[in-house]
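**Q** There's a structure below that I have some questions on.
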There are 6 protein chains.
Amino acid sequence: MNGLLDTAQKIKTMEIRGAGRIARAAASALKGFALNIDSKTLEEFNVEVNKAAQILLDTRPTAVSLYNAVMMVIRYKAGSVEEARAAVAANANQFIDNSNKAVEKIGEIGSRRIRSGDTILTHCNSMAAITVISSSHKAGKDIRVIATESRPRCQGLLTIAMLNELGIDTTLIVDSAVRSVMNTVDLVVVGADVVTANGSLVNKIGTSQVALCAYEARTPFMAAAETYKFSPKTLMGEMVPIEERSPDEIATDISNLKHIKIFNPGFDVTPHRYIDMICTEVGAIPPEMSYMIIKEKLGWEMDSIS
Amino acid sequence: MNGLLDTAQKIKTMEIRGAGRIARAAASALKGFALNIDSKTLEEFNVEVNKAAQILLDTRPTAVSLYNAVMMVIRYKAGSVEEARAAVAANANQFIDNSNKAVEKIGEIGSRRIRSGDTILTHCNSMAAITVISSSHKAGKDIRVIATESRPRCQGLLTIAMLNELGIDTTLIVDSAVRSVMNTVDLVVVGADVVTANGSLVNKIGTSQVALCAYEARTPFMAAAETYKFSPKTLMGEMVPIEERSPDEIATDISNLKHIKIFNPGFDVTPHRYIDMICTEVGAIPPEMSYMIIKEKLGWEMDSIS
Amino acid sequence: MNGLLDTAQKIKTMEIRGAGRIARAAASALKGFALNIDSKTLEEFNVEVNKAAQILLDTRPTAVSLYNAVMMVIRYKAGSVEEARAAVAANANQFIDNSNKAVEKIGEIGSRRIRSGDTILTHCNSMAAITVISSSHKAGKDIRVIATESRPRCQGLLTIAMLNELGIDTTLIVDSAVRSVMNTVDLVVVGADVVTANGSLVNKIGTSQVALCAYEARTPFMAAAETYKFSPKTLMGEMVPIEERSPDEIATDISNLKHIKIFNPGFDVTPHRYIDMICTEVGAIPPEMSYMIIKEKLGWEMDSIS
Amino acid sequence: MNGLLDTAQKIKTMEIRGAGRIARAAASALKGFALNIDSKTLEEFNVEVNKAAQILLDTRPTAVSLYNAVMMVIRYKAGSVEEARAAVAANANQFIDNSNKAVEKIGEIGSRRIRSGDTILTHCNSMAAITVISSSHKAGKDIRVIATESRPRCQGLLTIAMLNELGIDTTLIVDSAVRSVMNTVDLVVVGADVVTANGSLVNKIGTSQVALCAYEARTPFMAAAETYKFSPKTLMGEMVPIEERSPDEIATDISNLKHIKIFNPGFDVTPHRYIDMICTEVGAIPPEMSYMIIKEKLGWEMDSIS
Amino acid sequence: MNGLLDTAQKIKTMEIRGAGRIARAAASALKGFALNIDSKTLEEFNVEVNKAAQILLDTRPTAVSLYNAVMMVIRYKAGSVEEARAAVAANANQFIDNSNKAVEKIGEIGSRRIRSGDTILTHCNSMAAITVISSSHKAGKDIRVIATESRPRCQGLLTIAMLNELGIDTTLIVDSAVRSVMNTVDLVVVGADVVTANGSLVNKIGTSQVALCAYEARTPFMAAAETYKFSPKTLMGEMVPIEERSPDEIATDISNLKHIKIFNPGFDVTPHRYIDMICTEVGAIPPEMSYMIIKEKLGWEMDSIS
Amino acid sequence: MNGLLDTAQKIKTMEIRGAGRIARAAASALKGFALNIDSKTLEEFNVEVNKAAQILLDTRPTAVSLYNAVMMVIRYKAGSVEEARAAVAANANQFIDNSNKAVEKIGEIGSRRIRSGDTILTHCNSMAAITVISSSHKAGKDIRVIATESRPRCQGLLTIAMLNELGIDTTLIVDSAVRSVMNTVDLVVVGADVVTANGSLVNKIGTSQVALCAYEARTPFMAAAETYKFSPKTLMGEMVPIEERSPDEIATDISNLKHIKIFNPGFDVTPHRYIDMICTEVGAIPPEMSYMIIKEKLGWEMDSIS
């Protein structure tokens with residue numbers, strides 16, 4: 001239990017952060033927990049595992065990758081404690097393995113959509129999106145990247161550092177300049193925080209403006225998303241909460257301006273009609289097919305969530 | 001001549017800056033010049049005035065307000081040196097007077113489009129746009145403003161300071177959050193750097209994205225523009241040059257990133273189909289009517305520019 | 001003065017109603033007044049005429065046809081009382097004459113856009129729109145009409161009665177069925193209450209939905225509008241007030257439903273981008289050219305209205 | 001057999017009406033029939049059940065809920081008469097049970113998309129749509145409703161009576177005023193008569209105009225549809241017949257107008273591109289996923305219908 | 001009279017063809033006629049000139065350039081036969097001169113919209129459009145052209161021959177490939193047969209598809225049109241007749257296919273909303289400003305045409 | 001082996017051509033090969049069959065029908081050589097049978113979307129599209145067809161010959177006239193070369209322009225596609241190669257034009273948002289459901305392709 005509580009604490013305090021790392025840490029913790037508990041009966045074992053799962057879920061109730069990892073690990077059929085223990089371990093191993101390979105696989109699949117000579121625009125700093133780009137670069141394609149600054153936290157600076165490391169010619173622009181350059185762009189690639197059951201993309205604030213500009217200019221728009229980013233609960237109508245972040249990320253010195261507030265949403269929602277394709281580690285699909293990921297890869301079906 | 005050269009120098013070095021201030025300074029300098037030159041013949045006078053005008057025009061060849069001011073001052077018909085001198089002075093006085101009153105008049109006209117209860121979004125820091133907002137506030141309407149940060153130079157911070165001073169409740173957002181809030185906005189009001197003969201708006205980078213988001217959500221979009229912002233030369237096909245500003249405005253520490261460049265356009269172009277109305281000091285018109293401003297207020301006609 | 005007061009009273013009590021009839025009655029009353037006043041000086045005459053004009057304007061402050069009629073009658077330059085008196089009479093006669101001929105002329109011009117075999121859809125009950133239709137019918141073209149019911153006051157029933165009288169095959173539909181039939185329609189023709197300086201059309205509630213459905217299906221949309229329907233004041237930013245009419249027009253028996261209100265706007269606003277052409281008695285123009293009507297036919301210019 | 005014939009008669013004469021009630025009555029009748037027939041062999045039993053099914057289907061050949069109910073009841077695999085009998089009864093019970101719970105479940109799922117402070121627009125009178133609204137009201141959310149009159153039969157009056165009973169503040173408008181109010185609406189919720197395999201929505205006349213207005217203003221549009229409203233036959237290309245209803249619903253006194261006809265379609269078709277989400281009792285899906293409902297919940301697959 | 005009849009005959013038999021050549025020939029013929037007639041009175045002279053004008057107009061009743069040329073030549077005010085004679089000659093000279101210079105001037109104005117590095121797409125074979133392209137090439141800009149085949153008469157082959165002669169790198173495509181290449185195009189430039197009062201462009205069949213594809217991809221679309229291509233009559237509602245040309249242009253061997261017809265419209269209509277700019281010899285305007293050309297350059301006003 | 005090599009040769013040299021014929025020939029060749037090889041072990045048999053399959057695949061590496069046929073024939077589970085042999089034969093028989101019946105079945109399903117009185121537009125020469133049309137004609141519906149010429153190879157001439165034979169009234173137009181006639185069209189039906197996993201349609205050059213024109217005019221657009229036209233590999237991101245065909249198809253005599261090239265793409269890509277329905281032999285689906293065809297009918301799943 002200590003290991004699990006320790007992991008839970010680290011997720012809560014954001015010592016462990018990033019959708020993938022959180023998910024894999026939770027799966028690993030559940031496996032460790034299951035291998036070590038000393039339940040006499042299967043019922044007892046199941047109760048213990050569910051308690052442990054709940055502890056993890058409570059650390060970040062809105063983190064979809066955490067939810068998916070936990071649910072995939074504790075979904076098993078077993079006739080004995082030993083079978084159950086083995087199933088939890090096997091589920092955790094498989095989730096961790098798939099998750100580790102996901103980004104590379106997404107890069108492989110997504111990079112097929114890039115042709116030599118293309119200019120690719122990306123927003124914020126997504127490993128999946130960058131891997132799509134770097135895979136095509138490594139495959140010898142002659143490409144050019146435009147990266148947005150991504151205010152307020154300027155993750156675009158991370159992106160250009162990574163792309164520079166990879167030796168890919170990149171131009172940095174402010175977020176407001178996206179429409180100005182869009183007619184020179186051949187493909188937009190972004191990452192994903194959450195993909196909903198009806199194909200909407202929840203991602204870094206500004207993503208939906210980029211998508212709208214791409215749509216206006218007939219430029220294809222691809223989201224790169226590991227399957228654990230898809231939200232089963234949205235199938236049951238649940239809305240994805242949009243985190244409102246600290247005003248300090250935008251301006252720190254407005255306390256004397258008594259009529260002024262700052263609104264700092266961390267994410268926005270891109271409607272499926274502006275998305276040409278969602279590239280996952282199991283294939284590239286139209287956004288309207290998100291349910292098939294939720295069903296086939298995450299194991300949820302319509303009406304299976306209370 | 002010294003006064004004129006002095007003004008020219010100050011415009012060139014940007015000691016005098018801002019479209020309106022530049023225009024008025026140039027008109028004033030031409031008037032001073034005309035009142036003091038000692039030409040014997042009308043031809044001589046005309047030649048001198050035209051030389052002086054050219055000196056001023058050469059300081060900022062792409063500044064449309066400067067061009068309009070100079071052209072309006074030196075357009076006269078006269079039978080004698082004295083008549084010409086008087087005409088230049090009268091033209092200059094009238095231009096300066098109109099220019100000084102323009103923003104207030106725009107505020108008066110534009111504020112009629114705002115209803116009590118409205119939320120108005122503005123981008124960058126335009127006196128004309130702010131006056132539209134403040135006029136409706138002063139008229140007792142209960143309004144709320146959303147102001148964008150306006151990277152890279154963050155003129156939005158100037159805007160919120162001004163609105164705070166006026167006691168108007170305002171929310172600051174990053175440029176990327178415009179689409180997120182657009183469904184709560186009743187009217188977008190922005191300023192103008194240049195309005196072209198076919199009704200396009202050249203304004204602060206990001207304006208065209210704001211307009212696109214407004215169009216997508218059926219939110220009216222108004223540009224507030226003094227008539228001296230309209231460009232006669234665009235009637236003859238001339239394109240408005242988009243200033244590329246220093247990379248340092250965006251990031252100062254990328255010299256070690258050899259694959260990275262920064263592209264920092266200062267302005268973008270909003271097509272007329274996303275603009276519902278251009279509010280000038282002489283009336284509110286659809287953007288397609290820009291030629292009428294150029295013709296009736298600036299005195300240019302089709303095929304009159306060589 | 002009695003005649004003028006009598007007319008003013010009849011306009012106020014809606015004994016005289018209809019945009020054209022109101023306008024002509026006001027012009028006539030001003031003429032009668034001017035012919036009979038006994039002013040000694042031109043100043044006195046002018047003051048009297050302006051007082052009389054104001055009395056008429058105050059009867060229906062938002063009626064644009066009344067405003068245009070009064071303004072056109074009292075716009076004169078005169079050197080003597082007699083010249084002024086004659087000018088008022090001449091202005092009134094000309095306005096009345098033009099107004100009387102306007103609908104017929106609109107019919108003549110508009111009907112040229114209808115081809116034999118066409119199906120025309122109309123909304124509400126506009127004489128100008130019906131005359132466009134009947135002119136093409138009288139010209140021997142084989143046409144068919146679809147008329148909407150036009151809730152809440154069901155003016156569509158007047159329209160079908162008129163079209164039946166003219167012998168034109170017509171189908172009546174509810175307002176909600178417009179989109180269902182739009183793919184079979186070749187032209188939409190509606191009337192106008194007000195046309196604004198930026199080409200928006202204020203007309204019977206539902207018009208903007210018809211226009212949106214026409215736009216979606218690439219069906220041309222024509223508004224038929226006498227020039228006195230164009231509003232000079234909108235040039236100065238003034239919004240056209242949308243009359244909210246009695247709830248009783250929709251339902252009379254909801255007093256016991258304490259959570260229920262009725263909202264009954266009489267008109268809506270069709271944006272210029274859904275209007276292909278405005279057909280006036282002086283020609284067919286794109287909506288963006290409305291200023292030219294206001295300038296050339298109504299005598300107003302940008303910045304001439306305080 | 002008498003019970004079944006009696007039910008068939010009541011469906012035919014519309015004594016039993018409403019998609020859900022018809023479906024449950026048919027399922028119940030088939031169950032009663034199956035429990036009482038005295039077939040010796042399974043073949044005989046099957047033949048009898050199919051005959052009974054056909055009798056029911058013939059009462060309303062275009063009612064999709066009836067078709068779905070009957071098909072779900074008679075789809076069984078059995079090795080004996082008794083097994084078959086039990087299967088029919090079990091199928092009927094399950095269909096009735098699911099159907100009874102469907103609206104409540106839709107309300108639960110759909111209401112998650114409503115936030116406190118929202119204004120919801122609804123058209124016509126759909127129990128599923130109203131339950132989405134009332135569920136969010138019961139959950140303590142502060143909401144406001146706009147209801148359309150829904151000519152010609154004015155089912156909006158039923159809707160406002162129901163919402164009044166529930167204590168929900170509601171505004172009634174004519175169908176033509178939908179576009180006028182759309183910019184103040186946060187969500188549109190309507191019911192469904194039929195959902196097709198390619199995600200089109202067949203619903204009360206006017207629905208597609210409401211959807212078009214919502215799309216124009218970026219307002220989300222949700223259809224609330226029990227799964228038995230989805231039409232398997234449309235998968236095989238079949239078009240949903242649009243009932244043309246009596247002219248008397250629109251006007252009763254036009255017999256003397258010999259050039260006038262009335263066209264009164266009861267329904268219209270909303271294309272999937274204007275629908276953001278279909279909320280069923282088993283989950284909220286994008287309209288393009290309708291096939292998955294037909295396959296997983298109604299038991300039909302591509303090429304399984306002759 | 002013989003010279004005029006000869007010219008009329010040549011226009012009728014299409015020995016003289018091309019909008020510009022027809023117009024100049026007619027102007028020249030009228031001048032010749034006026035210089036040689038031997039009228040005693042001004043009335044007589046006017047009658048004769050009008051008869052001559054009518055003879056020319058009757059040769060090609062739908063040719064707008066012919067109409068404009070004739071109308072501009074016979075519009076004069078004169079107090080004597082000699083004054084009238086001189087006016088006709090002066091009008092004719094001016095029209096011919098302007099017309100001759102128009103294409104060059106259009107090239108000069110239009111080429112300002114082309115930047116070095118641009119790819120320009122053109123459709124059919126228009127001297128005005130080609131001159132826009134060649135002017136920018138001659139100005140040293142590095143450009144590339146895509147030319148459509150322009151079935152059925154394959155005028156694209158003329159275009160590539162001309163561009164080859166000019167040394168401009170050009171790619172020929174079939175008309176169906178326009179959308180395929182549009183994302184690589186920076187500007188579309190086409191000519192004009194007729195421009196209507198509401199800004200629609202009547203031009204070679206296929207032009208409106210090119211414009212639609214450009215609009216979809218946010219590629220600017222420019223029409224190059226001499227002012228004599230604008231149609232005053234359309235101001236009065238007149239529709240531009242679309243010539244239906246011989247089936248033989250498409251296929252010559254279908255006489256044995258009794259169920260087959262060929263429809264061969266020579267032109268189509270591009271709506272103003274797909275046109276960014278019309279480039280004339282007197283300036284570049286938005287299409288909605290066409291009335292100003294008709295008024296200021298062709299001398300027609302609203303309601304001046306019976 | 002000889003039979004298989006012979007078939008391979010004929011496919012390579014295009015003696016066997018057409019998507020369906022190639023696919024059936026390959027299936028048949030594999031069956032013949034399997035029935036005749038003399039492998040001792042199952043492993044040996046499997047190796048031989050896979051080698052044979054590869055030989056066939058190598059003949060036309062981009063032909064999706066060939067790929068689907070081969071993959072469907074060699075997908076089997078077997079415990080012995082004899083079982084494997086039988087499975088290959090059965091798979092081949094089933095594929096051939098389904099393929100042979102597919103077009104007829106598509107005609108049956110698709111024709112249900114056509115109503116008597118409809119005008120149908122088709123592009124190029126597709127048996128599936130023509131069968132949709134002819135099935136409705138044979139069902140007694142009164143229809144009219146518009147067929148495009150389909151440059152450069154003018155397959156429209158084949159189409160009109162076929163439709164003439166069937167006695168269906170047809171009008172031939174050039175490809176550029178599609179937009180001109182679109183408002184008179186009730187349904188567009190075209191064939192398919194490839195359908196991708198995200199619902200895009202790869203078909204004869206010009207198809208995407210037809211689809212865009214249909215979308216603009218709210219005219220439904222149907223693609224008729226046998227299931228073997230769907231590409232499983234696109235699920236893994238693979239792009240469909242667009243064949244660039246010989247310049248000679250467009251013009252043969254440009255060798256002396258040294259600045260001129262010809263670009264002759266054989267196909268273009270229609271995005272799913274312009275496609276209302278894809279009609280296959282197993283049902284009519286929205287394009288976004290293409291994955292379900294790939295999964296259920298072609299036997300591929302997400303992440304099953306390396």
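Identifiers for the structure tokens are assigned positionally: chains receive A, B, ... in sequence, residues are indexed from 1 per chain, and ligands are indexed from 1 in the order shown.
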Leaving out segment 170-174 of chain D and any residue of its chain fewer than 6 positions from it, which residues lie within 9 Å of it when counting only C-alpha atoms, given as a CSV table (one decimal) with C-alpha atoms, in the first residue's frame?

**A**
chain,number,residue,atom,x,y,z
C,151,ARG,CA,-47.0,34.3,-38.4
C,152,PRO,CA,-48.1,35.8,-36.1
C,205,ILE,CA,-39.9,38.7,-38.7
C,206,GLY,CA,-38.6,35.6,-40.4
C,250,ILE,CA,-49.2,34.9,-30.6
C,259,HIS,CA,-43.3,31.0,-15.7
C,260,ILE,CA,-44.1,31.8,-19.3
C,261,LYS,CA,-43.5,35.0,-21.3
C,262,ILE,CA,-44.0,35.8,-24.9
C,263,PHE,CA,-41.5,37.6,-27.1
C,264,ASN,CA,-42.9,39.0,-30.3
C,265,PRO,CA,-40.4,41.0,-32.3
D,144,ARG,CA,-34.0,29.5,-19.2
D,145,VAL,CA,-35.9,28.0,-22.1
D,146,ILE,CA,-37.1,29.5,-25.4
D,147,ALA,CA,-39.9,27.5,-27.0
D,148,THR,CA,-41.1,27.9,-30.6
D,149,GLU,CA,-44.8,27.9,-31.4
D,150,SER,CA,-44.4,25.1,-33.9
D,151,ARG,CA,-47.0,25.8,-36.5
D,156,GLY,CA,-45.2,24.7,-28.6
D,157,LEU,CA,-48.2,25.5,-26.5
D,160,ILE,CA,-44.8,25.8,-22.5
D,163,LEU,CA,-42.3,23.7,-18.7
D,164,ASN,CA,-44.6,26.0,-16.7

**Q** What are the residues of chain E that have an atom within 8 Å of an atom of chain B, counting only C-alpha atoms, as a list in words?

**A**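 Residues satisfying the distance criterion: Ile109, Gly110, Ser111, Arg112, Arg113, Asp276, Met277, Cys279, Glu281, Val282, Gly283, Ala284, Ile285, Pro286, Glu288 and Met289 of chain E.
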
**Q** With N, CA, C and O atoms retained, could you export that selection as a compact mmCIF listing (two decimals), in the first residue's frame?

**A**
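File written: part-v5.txt
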# COMPACT_ATOMS: atom_id res chain seq x y z
N ILE E 109 -1.82 48.30 -63.33
CA ILE E 109 -2.47 48.31 -62.02
C ILE E 109 -2.52 46.90 -61.42
O ILE E 109 -2.14 46.67 -60.26
N GLY E 110 -2.97 45.96 -62.23
CA GLY E 110 -3.16 44.59 -61.72
C GLY E 110 -1.85 43.94 -61.31
O GLY E 110 -1.79 43.17 -60.34
N SER E 111 -0.79 44.24 -62.04
CA SER E 111 0.48 43.56 -61.76
C SER E 111 1.03 43.95 -60.39
O SER E 111 1.87 43.25 -59.85
N ARG E 112 0.55 45.07 -59.84
CA ARG E 112 1.00 45.44 -58.49
C ARG E 112 0.56 44.44 -57.42
O ARG E 112 1.12 44.42 -56.33
N ARG E 113 -0.46 43.68 -57.73
CA ARG E 113 -0.96 42.68 -56.77
C ARG E 113 -0.15 41.38 -56.82
O ARG E 113 -0.45 40.44 -56.07
N ASP E 276 -12.54 39.07 -55.34
CA ASP E 276 -11.90 39.98 -54.40
C ASP E 276 -11.73 41.37 -54.97
O ASP E 276 -11.74 42.35 -54.23
N MET E 277 -11.59 41.46 -56.25
CA MET E 277 -11.24 42.74 -56.83
C MET E 277 -11.49 42.69 -58.34
O MET E 277 -11.23 41.68 -58.98
N CYS E 279 -10.18 44.65 -61.57
CA CYS E 279 -9.13 45.58 -61.97
C CYS E 279 -9.49 46.20 -63.32
O CYS E 279 -9.54 45.50 -64.33
N GLU E 281 -9.09 49.83 -66.03
CA GLU E 281 -8.02 50.75 -66.41
C GLU E 281 -8.06 52.03 -65.56
O GLU E 281 -7.12 52.83 -65.59
N VAL E 282 -9.13 52.22 -64.79
CA VAL E 282 -9.18 53.42 -63.95
C VAL E 282 -9.01 53.09 -62.47
O VAL E 282 -9.15 53.96 -61.61
N GLY E 283 -8.72 51.84 -62.17
CA GLY E 283 -8.49 51.49 -60.77
C GLY E 283 -9.03 50.11 -60.42
O GLY E 283 -9.79 49.52 -61.18
N ALA E 284 -8.59 49.63 -59.27
CA ALA E 284 -9.00 48.31 -58.78
C ALA E 284 -10.08 48.51 -57.73
O ALA E 284 -9.85 49.20 -56.73
N ILE E 285 -11.24 47.92 -57.95
CA ILE E 285 -12.37 48.14 -57.05
C ILE E 285 -12.94 46.81 -56.57
O ILE E 285 -12.74 45.77 -57.20
N PRO E 286 -13.66 46.85 -55.45
CA PRO E 286 -14.40 45.64 -55.09
C PRO E 286 -15.59 45.53 -56.04
O PRO E 286 -16.09 46.55 -56.53
N GLU E 288 -18.66 45.12 -55.67
CA GLU E 288 -19.89 45.83 -55.28
C GLU E 288 -19.86 47.30 -55.71
O GLU E 288 -20.89 47.98 -55.64
N MET E 289 -18.70 47.79 -56.12
CA MET E 289 -18.59 49.19 -56.55
C MET E 289 -18.84 49.36 -58.04
O MET E 289 -18.58 50.45 -58.59

**Q** Ser126 of chain C: which residues within 7 Å, counting only C-alpha atoms, same-chain residues fewer than 4 positions away excluded, as a list in words?

**A**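 Once the nearby chain positions are removed, what remains is Ile130, Val190 and Gly191 of chain C.
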
**Q** Those residues with all heavy atoms, as a PDB file, in the first residue's frame please?

**A**
ATOM      1  N   ILE C 130     -44.905  41.818 -54.512  1.00  0.00           N
ATOM      2  CA  ILE C 130     -45.991  41.248 -55.318  1.00  0.00           C
ATOM      3  C   ILE C 130     -46.007  41.874 -56.712  1.00  0.00           C
ATOM      4  O   ILE C 130     -46.284  41.191 -57.704  1.00  0.00           O
ATOM      5  CB  ILE C 130     -47.342  41.438 -54.585  1.00  0.00           C
ATOM      6  CG1 ILE C 130     -47.397  40.469 -53.389  1.00  0.00           C
ATOM      7  CG2 ILE C 130     -48.521  41.181 -55.530  1.00  0.00           C
ATOM      8  CD1 ILE C 130     -48.620  40.631 -52.513  1.00  0.00           C
ATOM      9  N   VAL C 190     -38.729  39.621 -51.468  1.00  0.00           N
ATOM     10  CA  VAL C 190     -39.447  40.136 -50.306  1.00  0.00           C
ATOM     11  C   VAL C 190     -39.440  41.664 -50.352  1.00  0.00           C
ATOM     12  O   VAL C 190     -38.716  42.270 -51.141  1.00  0.00           O
ATOM     13  CB  VAL C 190     -38.792  39.674 -48.976  1.00  0.00           C
ATOM     14  CG1 VAL C 190     -38.763  38.165 -48.860  1.00  0.00           C
ATOM     15  CG2 VAL C 190     -37.392  40.256 -48.840  1.00  0.00           C
ATOM     16  N   GLY C 191     -40.250  42.280 -49.514  1.00  0.00           N
ATOM     17  CA  GLY C 191     -40.273  43.733 -49.395  1.00  0.00           C
ATOM     18  C   GLY C 191     -39.251  44.211 -48.384  1.00  0.00           C
ATOM     19  O   GLY C 191     -38.313  43.497 -48.040  1.00  0.00           O
TER      20      GLY C 191
END

**Q** Can you list, as a VMD selection string, every protein, DNA or RNA residue that comes within 6 Å of segment 85-88 of chain C when you count only C-alpha atoms, leaving out same-chain residues fewer than 6 positions away?

**A** chain C and resid 31 34 73

**Q** Tell me which protein, DNA and RNA residues are within 10 Å of Arg218 of chain B, counting only C-alpha atoms, leaving out same-chain ones fewer than 6 positions away, and put them as a PyMOL selection string.

**A** (chain B and resi 182-183+185-187+212+274) or (chain D and resi 182-183+215-219)

**Q** Could you turn the residues from that selection into a file that holds N, CA, C and O atoms, as a short mmCIF file (atom, residue, chain, number, x, y, z; two decimals), in the first residue's frame?

**A**
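Result file follows (result-v2.cif):
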data_model
loop_
_atom_site.label_atom_id
_atom_site.label_comp_id
_atom_site.auth_asym_id
_atom_site.auth_seq_id
_atom_site.Cartn_x
_atom_site.Cartn_y
_atom_site.Cartn_z
N MET B 182 -15.78 33.94 -27.67
CA MET B 182 -16.53 34.68 -28.70
C MET B 182 -18.05 34.53 -28.59
O MET B 182 -18.79 35.47 -28.88
N ASN B 183 -18.52 33.38 -28.12
CA ASN B 183 -19.98 33.23 -28.03
C ASN B 183 -20.60 34.09 -26.95
O ASN B 183 -21.82 34.21 -26.88
N VAL B 185 -19.62 37.32 -26.69
CA VAL B 185 -19.34 38.68 -27.15
C VAL B 185 -20.48 39.17 -28.04
O VAL B 185 -21.00 38.42 -28.86
N ASP B 186 -20.87 40.44 -27.87
CA ASP B 186 -21.94 41.02 -28.69
C ASP B 186 -21.41 41.86 -29.84
O ASP B 186 -22.11 42.07 -30.82
N LEU B 187 -20.21 42.37 -29.69
CA LEU B 187 -19.65 43.24 -30.73
C LEU B 187 -18.13 43.24 -30.59
O LEU B 187 -17.61 43.32 -29.49
N LEU B 212 -12.22 36.48 -38.04
CA LEU B 212 -12.66 35.15 -38.48
C LEU B 212 -13.48 34.47 -37.39
O LEU B 212 -14.53 33.88 -37.65
N TYR B 274 -15.43 39.75 -43.69
CA TYR B 274 -15.55 39.52 -42.24
C TYR B 274 -15.83 40.82 -41.47
O TYR B 274 -15.86 40.81 -40.25
N MET D 182 -31.20 33.59 -31.69
CA MET D 182 -30.19 32.52 -31.64
C MET D 182 -28.89 32.95 -30.96
O MET D 182 -28.24 32.13 -30.29
N ASN D 183 -28.50 34.21 -31.09
CA ASN D 183 -27.24 34.62 -30.47
C ASN D 183 -27.30 34.63 -28.94
O ASN D 183 -26.27 34.75 -28.28
N TYR D 215 -26.30 26.49 -36.46
CA TYR D 215 -24.99 26.32 -37.10
C TYR D 215 -24.39 27.66 -37.47
O TYR D 215 -23.19 27.90 -37.26
N GLU D 216 -25.20 28.54 -38.02
CA GLU D 216 -24.74 29.88 -38.44
C GLU D 216 -24.16 30.65 -37.25
O GLU D 216 -23.24 31.45 -37.42
N ALA D 217 -24.70 30.41 -36.06
CA ALA D 217 -24.31 31.19 -34.88
C ALA D 217 -23.39 30.42 -33.95
O ALA D 217 -23.12 30.87 -32.84
N ARG D 218 -22.91 29.26 -34.40
CA ARG D 218 -22.00 28.43 -33.59
C ARG D 218 -22.65 27.97 -32.29
O ARG D 218 -21.96 27.79 -31.28
N THR D 219 -23.96 27.79 -32.30
CA THR D 219 -24.67 27.29 -31.13
C THR D 219 -24.81 25.77 -31.27
O THR D 219 -25.29 25.30 -32.29
#
